[in-house]
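S.K.: There's a structure below that I have some questions on.
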Amino acid sequence: MVLADLGKRLTTAVSNLTHSNVVDEKAFDAMIKEICSALVEADVNIKLVANLRKSIKHAVNLKELGPGVNKKRLIQKTVFDELVKLVDPHNEPFKPKKGRPNIIMFVGLQGSGKTTTCTKLARYYQARGFKSCLVCADTFRAGAFDQLKQNATKAKIPYYGSYTETDPVKVSRDGVEKFKKERFDIIIVDTSGRHQQERELFAEMVQIQQAVKPDQTIMVLDASIGQAAEAQSKAFKESADFGAIIITKTDGHAAGGGAISAVAATRTPIVFIGTGEHMFDLERFAPQAFISKLLGLGDLGGLVEH
Amino acid sequence: ALGFFRKFVGGKTLTKEDMDKALAGMKDHLLKKNVAQEAANDIVKNVESSLLGQKTGSFQSIDAVVRSAVEAAIKRILTPTNSLDLLREIQQKRSRGSRPYVISIVGVNGVGKSTNLSKICFFLLQNKFKVLIAACDTFRSGAVEQLRVHARNLKELSEREGGVVELYEKGYGKDAANIAKDAVDYAEKEHFDVVLIDTAGRRHNDQRLMSSLEKFAKLAAPDKIFMVGEALVGTDSVMQARNFNAAFGSQRSLDGFIISKCDTVGDMIGTLISMVFATGIPVVFLGVGQNYQDLRTLNISWAVGLLMS
Ligand SMILES: Nc1nc2c(ncn2[C@@H]2O[C@H](COP(=O)(O)OP(=O)(O)OP(=O)(O)O)[C@@H](O)[C@H]2O)c(=O)[nH]1
Ligand SMILES: Nc1nc2c(ncn2[C@@H]2O[C@H](COP(=O)(O)OP(=O)(O)OP(=O)(O)O)[C@@H](O)[C@H]2O)c(=O)[nH]1
Ligand SMILES: [Mg+2]
Ligand SMILES: [Mg+2]
């Protein structure tokens with residue numbers, strides 16, 4: 001799973017230190033070095049790693065700690081808290097309510113997994129008693145509507161899209177209007193992949209957003225993304241002000257640190273993770289529980305809620 | 001004034017201590033450019049051992065010495081031992097016999113395989129080849145229709161250019177290797193010059209899907225296997241490249257990388273380095289956008305310039 005190797009390395013680094021007899025400056029520095037190296041290997045943003053190093057050093061000032069202080073405990077807690085800060089922005093994500101239309105719009109870089117994930121999410125809510133549907137506002141990518149249509153059909157989710165209309169703003173507005181009238185609870189709007197270097201595509205995203213007025217905009221990020229994650233997610237945040245993140249492809253080998261850096265850069269919570277190509281491969285995400293499992297501290301809050 | 005002189009070490013014999021700070025700085029620089037840690041470590045270590053005990057020129061700062069050594073190392077990694085002239089290879093093969101020239105495209109999910117296959121197709125059509133696109137992603141929803149749209153668009157475009165393009169597809173759910181083989185047989189019978197085979201995206205840590213690539217390569221017998229890796233990917237680039245390079249059995253390796261989505265990362269093009277570092281396989285194309293003309297060959301001084309900036 002995502003971050004599993006990182007978890008092992010971090011746990012070893014912390015426990016090597018806390019199990020040694022003397023906790024001196026040298027051993028402490030070695031631990032911090034190993035933690036930072038593991039984070040870099042996991043694609044955590046380089047600047048964030050540097051900050052984390054400073055924060056840990058600052059919080060655990062070995063020289064000034066009195067003899068009564070349990071150093072090992074303090075170190076463990078500090079590392080844990082700093083890592084939780086990375087993935088837990090303390091912002092509550094939107095919670096949909098039944099009996100009214102909840103409009104959710106997906107945005108993200110090319111190929112990150114938006115179309116696949118929007119069907120997964122529609123199915124997730126459908127299974128929990130929400131009347132769910134999908135709108136395809138990707139009029140650009142070849143075969144985009146067929147992709148959504150085939151997925152939706154498999155999942156038995158109603159969908160809307162067009163083979164002929166080229167304006168995504170119009171398609172999304174029409175689709176959302178139609179489903180609102182039909183009293184759907186969850187209306188998910190899929191959009192084309194884009195990136196910050198293409199201004200026109202960013203402007204288009206804002207227009208779609210104005211047309212469908214989403215209750216929640218979700219940015220989808222590939223778990224394997226590297227150092228570009230921070231700049232791209234910040235740019236999406238500025239233009240689309242997304243309120244939640246979904247990390248996809250966590251079944252891959254990548255540690256997911258890039259995607260996690262996006263959380264820190266945008267103060268936005270991860271709500272779900274994608275764990276495969278199939279319709280059921282979606283899990284809820286809880287940051288505290290995630291990190292505690294990562295550090296082998298036991299499953300504090302129930303990591304995954306199916 | 002002292003500070004000014006301290007920076008210069010004209011004629012000094014370099015020790016490890018002299019270089020530590022400059023090397024650490026260069027490593028950080030490479031990491032920020034999205035070079036994988038393993039590759040960055042290796043580059044810096046090699047530079048260190050090559051400079052150790054060397055005498056610097058007069059009025060050369062250590063930073064500058066280290067920097068130019070790193071630049072040279074990057075250039076060396078990116079420079080292929082023999083360059084590929086795809087058009088000429090195709091022409092040569094066609095003049096020798098009836099079998100078409102076969103190229104297959106592989107890679108992890110969503111990196112841009114189908115799109116960059118279409119760009120290569122456009123490039124071949126501009127050169128008046130007759131191209132068959134084989135839809136061998138029989139898994140992902142919409143994969144066949146995606147190629148059908150590309151084939152239709154390219155057909156329209158190529159009517160002016162003089163090339164010919166057709167789609168070979170057998171729908172979903174069937175065995176990709178068999179379809180690939182049938183496509184090549186069909187292409188031979190119908191006198192196509194080139195077959196471009198699209199494949200399903202697969203995780204490089206998925207044993208089952210990776211192992212099916214060996215049979216695929218045996219049946220389709222491609223002249224070239226290109227792997228698409230996206231410029232966005234971080235550290236995973238190294239293992240992606242290694243695992244795909246190893247997936248075709250002991251007799252076969254990758255022939256080149258297409259690094260896609262270079263337009264999305266600004267100057268953070270470290271993936272180029274990481275993938276070539278991991279395998280020694282050269283970069284043949286860069287993807288720089290979503291349109292058919294957004295395909296480039298690698299300009300090494302451009303890449304080195306961005307990485308060192
Ligand atoms: N292994 C794995 N693959 C995934 C996951 N989510 C999506 N994919 C695959 O990633 C690829 C891209 O997914 P899409 O849903 O088409 O991505 P997208 O963001 O809609 O792409 P664009 O619309 O072109 O920007 C497909 O091959 C999906 O099957 C996941 O959680 N795990
Ligand atoms: N900006 C940019 N986008 C690209 C580039 N190459 C491909 N894309 C986009 O990336 C997304 C995924 O491309 P595909 O060609 O479908 O990727 P794939 O590898 O075939 O995906 P799967 O078959 O699902 O594994 C699409 O939205 C493409 O338009 C590129 O060079 N630059
Ligand atoms: Mg899509
Ligand atoms: Mg494809």
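Residues are referred to by chain and number: the chain letter is A, B, ... according to the order shown in the structure tokens, the number counts from 1 in that chain, and ligands are numbered separately from 1 in the order shown.
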Using only C-alpha atoms, which protein or nucleic acid residues come within 7 Å of region 237-254 of chain A? Drop anything in the same chain fewer than 3 positions from it, and give the result as an MDAnalysis selection string.

M.R.: (chainID A and resid 1:2 93 113 206 216:224 233:234 259 266 268:276) or (chainID B and resid 203 205 236)

S.K.: Go ahead and dump the residues you just picked, N, CA, C and O atoms, as a short mmCIF file (atom, residue, chain, number, x, y, z; two decimals), in the first residue's frame.

M.R.:
data_model
loop_
_atom_site.label_atom_id
_atom_site.label_comp_id
_atom_site.auth_asym_id
_atom_site.auth_seq_id
_atom_site.Cartn_x
_atom_site.Cartn_y
_atom_site.Cartn_z
N MET A 1 0.82 -1.21 0.00
CA MET A 1 0.00 0.00 0.00
C MET A 1 0.85 1.26 0.00
O MET A 1 2.02 1.24 0.34
N VAL A 2 0.22 2.35 -0.35
CA VAL A 2 0.89 3.64 -0.39
C VAL A 2 1.56 3.93 0.96
O VAL A 2 1.02 3.62 2.01
N PRO A 93 -13.97 18.20 5.41
CA PRO A 93 -14.52 18.15 4.06
C PRO A 93 -16.04 18.24 4.08
O PRO A 93 -16.67 18.00 5.11
N GLY A 113 -6.74 10.09 -13.04
CA GLY A 113 -7.71 9.08 -12.62
C GLY A 113 -9.09 9.64 -12.32
O GLY A 113 -9.89 9.01 -11.63
N VAL A 206 -12.87 27.22 -14.54
CA VAL A 206 -13.59 28.19 -13.72
C VAL A 206 -14.99 28.42 -14.28
O VAL A 206 -15.97 28.52 -13.54
N GLN A 216 -19.02 20.82 -3.74
CA GLN A 216 -17.65 20.42 -3.45
C GLN A 216 -16.89 20.21 -4.74
O GLN A 216 -17.38 19.59 -5.69
N THR A 217 -15.65 20.75 -4.79
CA THR A 217 -14.77 20.45 -5.91
C THR A 217 -13.65 19.57 -5.36
O THR A 217 -13.10 19.85 -4.30
N ILE A 218 -13.38 18.48 -6.07
CA ILE A 218 -12.37 17.53 -5.61
C ILE A 218 -11.21 17.50 -6.59
O ILE A 218 -11.42 17.37 -7.80
N MET A 219 -9.99 17.63 -6.08
CA MET A 219 -8.82 17.46 -6.96
C MET A 219 -8.34 16.02 -6.85
O MET A 219 -8.14 15.49 -5.75
N VAL A 220 -8.14 15.40 -8.01
CA VAL A 220 -7.66 14.01 -8.05
C VAL A 220 -6.16 14.02 -8.35
O VAL A 220 -5.71 14.67 -9.30
N LEU A 221 -5.41 13.33 -7.51
CA LEU A 221 -3.95 13.31 -7.67
C LEU A 221 -3.43 11.87 -7.74
O LEU A 221 -3.83 11.02 -6.94
N ASP A 222 -2.53 11.63 -8.65
CA ASP A 222 -1.89 10.33 -8.81
C ASP A 222 -0.85 10.14 -7.69
O ASP A 222 -0.03 11.02 -7.45
N ALA A 223 -0.90 8.98 -7.04
CA ALA A 223 0.03 8.72 -5.92
C ALA A 223 1.50 8.78 -6.34
O ALA A 223 2.38 8.95 -5.49
N SER A 224 1.77 8.67 -7.63
CA SER A 224 3.18 8.62 -8.04
C SER A 224 3.75 10.00 -8.37
O SER A 224 4.90 10.11 -8.77
N SER A 233 -0.86 21.74 -7.52
CA SER A 233 -2.02 21.74 -6.62
C SER A 233 -2.32 23.15 -6.12
O SER A 233 -3.48 23.53 -5.96
N LYS A 234 -1.28 23.94 -5.92
CA LYS A 234 -1.51 25.33 -5.52
C LYS A 234 -2.25 26.09 -6.60
O LYS A 234 -3.17 26.88 -6.33
N ALA A 259 1.70 13.56 -3.47
CA ALA A 259 0.29 13.87 -3.28
C ALA A 259 0.05 14.41 -1.87
O ALA A 259 -0.74 15.33 -1.66
N THR A 266 -1.94 23.03 0.22
CA THR A 266 -3.25 23.63 -0.02
C THR A 266 -4.19 23.58 1.19
O THR A 266 -5.32 24.03 1.12
N THR A 268 -5.81 21.17 2.41
CA THR A 268 -7.04 20.51 1.98
C THR A 268 -6.96 19.03 2.33
O THR A 268 -5.94 18.40 2.09
N PRO A 269 -8.03 18.49 2.89
CA PRO A 269 -7.96 17.09 3.32
C PRO A 269 -8.10 16.08 2.19
O PRO A 269 -8.76 16.33 1.20
N ILE A 270 -7.45 14.94 2.39
CA ILE A 270 -7.68 13.78 1.52
C ILE A 270 -8.96 13.12 2.03
O ILE A 270 -9.10 12.88 3.23
N VAL A 271 -9.88 12.81 1.13
CA VAL A 271 -11.12 12.18 1.58
C VAL A 271 -11.21 10.70 1.21
O VAL A 271 -11.77 9.90 1.93
N PHE A 272 -10.64 10.36 0.05
CA PHE A 272 -10.66 8.96 -0.38
C PHE A 272 -9.32 8.62 -1.02
O PHE A 272 -8.59 9.52 -1.46
N ILE A 273 -9.02 7.33 -1.08
CA ILE A 273 -7.89 6.88 -1.89
C ILE A 273 -8.38 5.80 -2.86
O ILE A 273 -9.24 4.99 -2.52
N GLY A 274 -7.83 5.84 -4.07
CA GLY A 274 -8.15 4.83 -5.09
C GLY A 274 -7.14 3.70 -4.96
O GLY A 274 -5.94 3.94 -4.83
N THR A 275 -7.65 2.47 -4.98
CA THR A 275 -6.76 1.34 -4.72
C THR A 275 -6.76 0.31 -5.86
O THR A 275 -6.36 -0.83 -5.66
N GLY A 276 -7.20 0.72 -7.05
CA GLY A 276 -7.19 -0.21 -8.17
C GLY A 276 -8.04 0.31 -9.32
O GLY A 276 -8.64 1.37 -9.22
N ARG B 203 0.27 -1.48 -13.59
CA ARG B 203 1.20 -1.16 -12.51
C ARG B 203 2.43 -2.03 -12.66
O ARG B 203 2.30 -3.23 -12.89
N ASN B 205 4.25 -3.06 -10.42
CA ASN B 205 4.37 -4.02 -9.32
C ASN B 205 3.25 -5.07 -9.37
O ASN B 205 3.07 -5.83 -8.43
N ASP B 236 9.18 6.99 -8.25
CA ASP B 236 8.70 5.73 -8.83
C ASP B 236 9.26 5.52 -10.24
O ASP B 236 9.29 4.39 -10.73
#

S.K.: When the cut-off is 8 Å and you count only C-alpha atoms and all ligand atoms, which residues lie near ligand 2, shown as a PyMOL selection string?

M.R.: (chain A and resi 109-112+141+192-195) or (chain B and resi 106-117+137+140+143+146+198-202+228+230+259-264+286-291+294-295)

S.K.: Would you mind listing the residues within 6 Å of ligand 3, counting only C-alpha atoms and all ligand atoms, as a list in words?

M.R.: Lys114, Thr115, Ala144 and Ser192 of chain A

S.K.: For chain A against chain B, which residues fall within 6 Å using only C-alpha atoms, given as a PyMOL selection string?

M.R.: chain A and resi 41+43+111+142-143+146-147+150+224-228+252+254

S.K.: Find the residue from A:Thr117, A:Gln76, A:Leu201, A:Lys213 that sits nearest to Asp281 (chain A); use only C-alpha atoms when measuring.

M.R.: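 Counting only C-alpha atoms, the residue closest to Asp281 (chain A) is A:Thr117.
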
S.K.: Could you go through region 28-94 of chain B and tell me which residues DSSP, when run on the backbone, assigns to alpha helix (DSSP H), listing them as a ChimeraX atom specification?

M.R.: /B:28-32,37-51,62-78,86-94

S.K.: Store the residues of this selection in a file with N, CA and C atoms, as a CSV table (one decimal), in the first residue's frame.

M.R.:
chain,number,residue,atom,x,y,z
B,28,ASP,N,20.6,18.7,-3.6
B,28,ASP,CA,19.3,19.3,-3.3
B,28,ASP,C,18.7,19.9,-4.6
B,29,HIS,N,19.6,20.5,-5.4
B,29,HIS,CA,19.1,21.1,-6.6
B,29,HIS,C,18.5,20.1,-7.5
B,30,LEU,N,19.2,18.9,-7.7
B,30,LEU,CA,18.7,17.9,-8.5
B,30,LEU,C,17.3,17.3,-8.0
B,31,LEU,N,17.3,17.2,-6.7
B,31,LEU,CA,16.0,16.7,-6.1
B,31,LEU,C,14.9,17.6,-6.4
B,32,LYS,N,15.1,18.9,-6.3
B,32,LYS,CA,14.1,19.9,-6.6
B,32,LYS,C,13.7,19.8,-8.0
B,37,GLN,N,15.9,10.3,-5.9
B,37,GLN,CA,17.0,10.3,-5.0
B,37,GLN,C,18.1,9.4,-5.3
B,38,GLU,N,17.8,8.2,-5.8
B,38,GLU,CA,18.8,7.2,-6.1
B,38,GLU,C,19.7,7.8,-7.2
B,39,ALA,N,19.1,8.4,-8.3
B,39,ALA,CA,19.9,8.9,-9.4
B,39,ALA,C,20.7,10.1,-8.9
B,40,ALA,N,20.1,11.0,-8.1
B,40,ALA,CA,20.8,12.2,-7.6
B,40,ALA,C,22.0,11.7,-6.8
B,41,ASN,N,21.8,10.8,-5.9
B,41,ASN,CA,22.9,10.3,-5.0
B,41,ASN,C,24.1,9.8,-5.9
B,42,ASP,N,23.7,9.0,-6.9
B,42,ASP,CA,24.7,8.4,-7.8
B,42,ASP,C,25.5,9.4,-8.5
B,43,ILE,N,24.8,10.4,-9.1
B,43,ILE,CA,25.5,11.5,-9.9
B,43,ILE,C,26.5,12.2,-9.0
B,44,VAL,N,26.0,12.6,-7.8
B,44,VAL,CA,26.8,13.3,-6.9
B,44,VAL,C,28.0,12.5,-6.4
B,45,LYS,N,27.8,11.2,-6.2
B,45,LYS,CA,28.9,10.4,-5.7
B,45,LYS,C,30.0,10.2,-6.8
B,46,ASN,N,29.5,10.0,-8.0
B,46,ASN,CA,30.4,9.9,-9.1
B,46,ASN,C,31.2,11.2,-9.4
B,47,VAL,N,30.6,12.3,-9.2
B,47,VAL,CA,31.2,13.6,-9.4
B,47,VAL,C,32.3,13.7,-8.3
B,48,GLU,N,31.9,13.3,-7.1
B,48,GLU,CA,32.9,13.4,-6.0
B,48,GLU,C,34.1,12.6,-6.3
B,49,SER,N,33.9,11.4,-6.6
B,49,SER,CA,35.1,10.5,-6.8
B,49,SER,C,35.9,10.9,-8.0
B,50,SER,N,35.3,11.5,-9.0
B,50,SER,CA,36.1,12.0,-10.2
B,50,SER,C,36.8,13.2,-9.9
B,51,LEU,N,36.3,14.0,-9.0
B,51,LEU,CA,37.1,15.3,-8.7
B,51,LEU,C,38.1,15.2,-7.6
B,62,ILE,N,35.0,26.3,-6.0
B,62,ILE,CA,34.7,24.9,-5.9
B,62,ILE,C,33.3,24.7,-6.4
B,63,ASP,N,32.4,25.6,-6.1
B,63,ASP,CA,31.0,25.5,-6.6
B,63,ASP,C,31.0,25.3,-8.1
B,64,ALA,N,31.8,26.2,-8.8
B,64,ALA,CA,31.8,26.1,-10.2
B,64,ALA,C,32.4,24.8,-10.7
B,65,VAL,N,33.4,24.3,-10.1
B,65,VAL,CA,34.0,23.0,-10.5
B,65,VAL,C,33.0,21.9,-10.4
B,66,VAL,N,32.3,21.9,-9.2
B,66,VAL,CA,31.3,20.8,-8.9
B,66,VAL,C,30.2,20.9,-9.9
B,67,ARG,N,29.7,22.2,-10.1
B,67,ARG,CA,28.6,22.4,-11.0
B,67,ARG,C,28.9,21.9,-12.4
B,68,SER,N,30.0,22.2,-12.9
B,68,SER,CA,30.3,21.8,-14.3
B,68,SER,C,30.5,20.3,-14.4
B,69,ALA,N,31.0,19.7,-13.3
B,69,ALA,CA,31.1,18.3,-13.3
B,69,ALA,C,29.8,17.6,-13.3
B,70,VAL,N,28.8,18.2,-12.6
B,70,VAL,CA,27.5,17.6,-12.5
B,70,VAL,C,26.8,17.8,-13.9
B,71,GLU,N,27.0,18.9,-14.5
B,71,GLU,CA,26.5,19.2,-15.8
B,71,GLU,C,27.0,18.2,-16.8
B,72,ALA,N,28.3,17.9,-16.7
B,72,ALA,CA,28.8,16.9,-17.7
B,72,ALA,C,28.3,15.5,-17.4
B,73,ALA,N,28.1,15.2,-16.1
B,73,ALA,CA,27.5,13.9,-15.8
B,73,ALA,C,26.1,13.7,-16.4
B,74,ILE,N,25.3,14.8,-16.2
B,74,ILE,CA,23.9,14.7,-16.7
B,74,ILE,C,23.9,14.5,-18.3
B,75,LYS,N,24.8,15.3,-18.9
B,75,LYS,CA,24.9,15.2,-20.3
B,75,LYS,C,25.3,13.8,-20.8
B,76,ARG,N,26.2,13.2,-20.0
B,76,ARG,CA,26.7,11.8,-20.4
B,76,ARG,C,25.5,10.8,-20.2
B,77,ILE,N,24.7,11.0,-19.2
B,77,ILE,CA,23.6,10.1,-19.0
B,77,ILE,C,22.6,10.2,-20.1
B,78,LEU,N,22.4,11.4,-20.6
B,78,LEU,CA,21.3,11.6,-21.6
B,78,LEU,C,21.8,11.3,-23.0
B,86,LEU,N,14.3,6.6,-36.8
B,86,LEU,CA,13.2,5.7,-37.0
B,86,LEU,C,12.7,5.6,-38.4
B,87,LEU,N,12.6,6.7,-39.1
B,87,LEU,CA,12.1,6.7,-40.5
B,87,LEU,C,13.0,5.9,-41.4
B,88,ARG,N,14.3,6.0,-41.2
B,88,ARG,CA,15.2,5.3,-42.0
B,88,ARG,C,15.2,3.8,-41.7
B,89,GLU,N,15.0,3.4,-40.5
B,89,GLU,CA,14.9,2.0,-40.1
B,89,GLU,C,13.7,1.4,-40.7
B,90,ILE,N,12.6,2.2,-40.7
B,90,ILE,CA,11.3,1.6,-41.3
B,90,ILE,C,11.5,1.4,-42.8
B,91,GLN,N,12.1,2.4,-43.4
B,91,GLN,CA,12.3,2.3,-44.9
B,91,GLN,C,13.2,1.1,-45.2
B,92,GLN,N,14.2,1.0,-44.4
B,92,GLN,CA,15.1,-0.2,-44.7
B,92,GLN,C,14.4,-1.5,-44.6
B,93,LYS,N,13.7,-1.6,-43.5
B,93,LYS,CA,13.0,-2.9,-43.3
B,93,LYS,C,12.0,-3.1,-44.4
B,94,ARG,N,11.3,-2.1,-44.8
B,94,ARG,CA,10.2,-2.3,-45.8
B,94,ARG,C,10.9,-2.7,-47.1
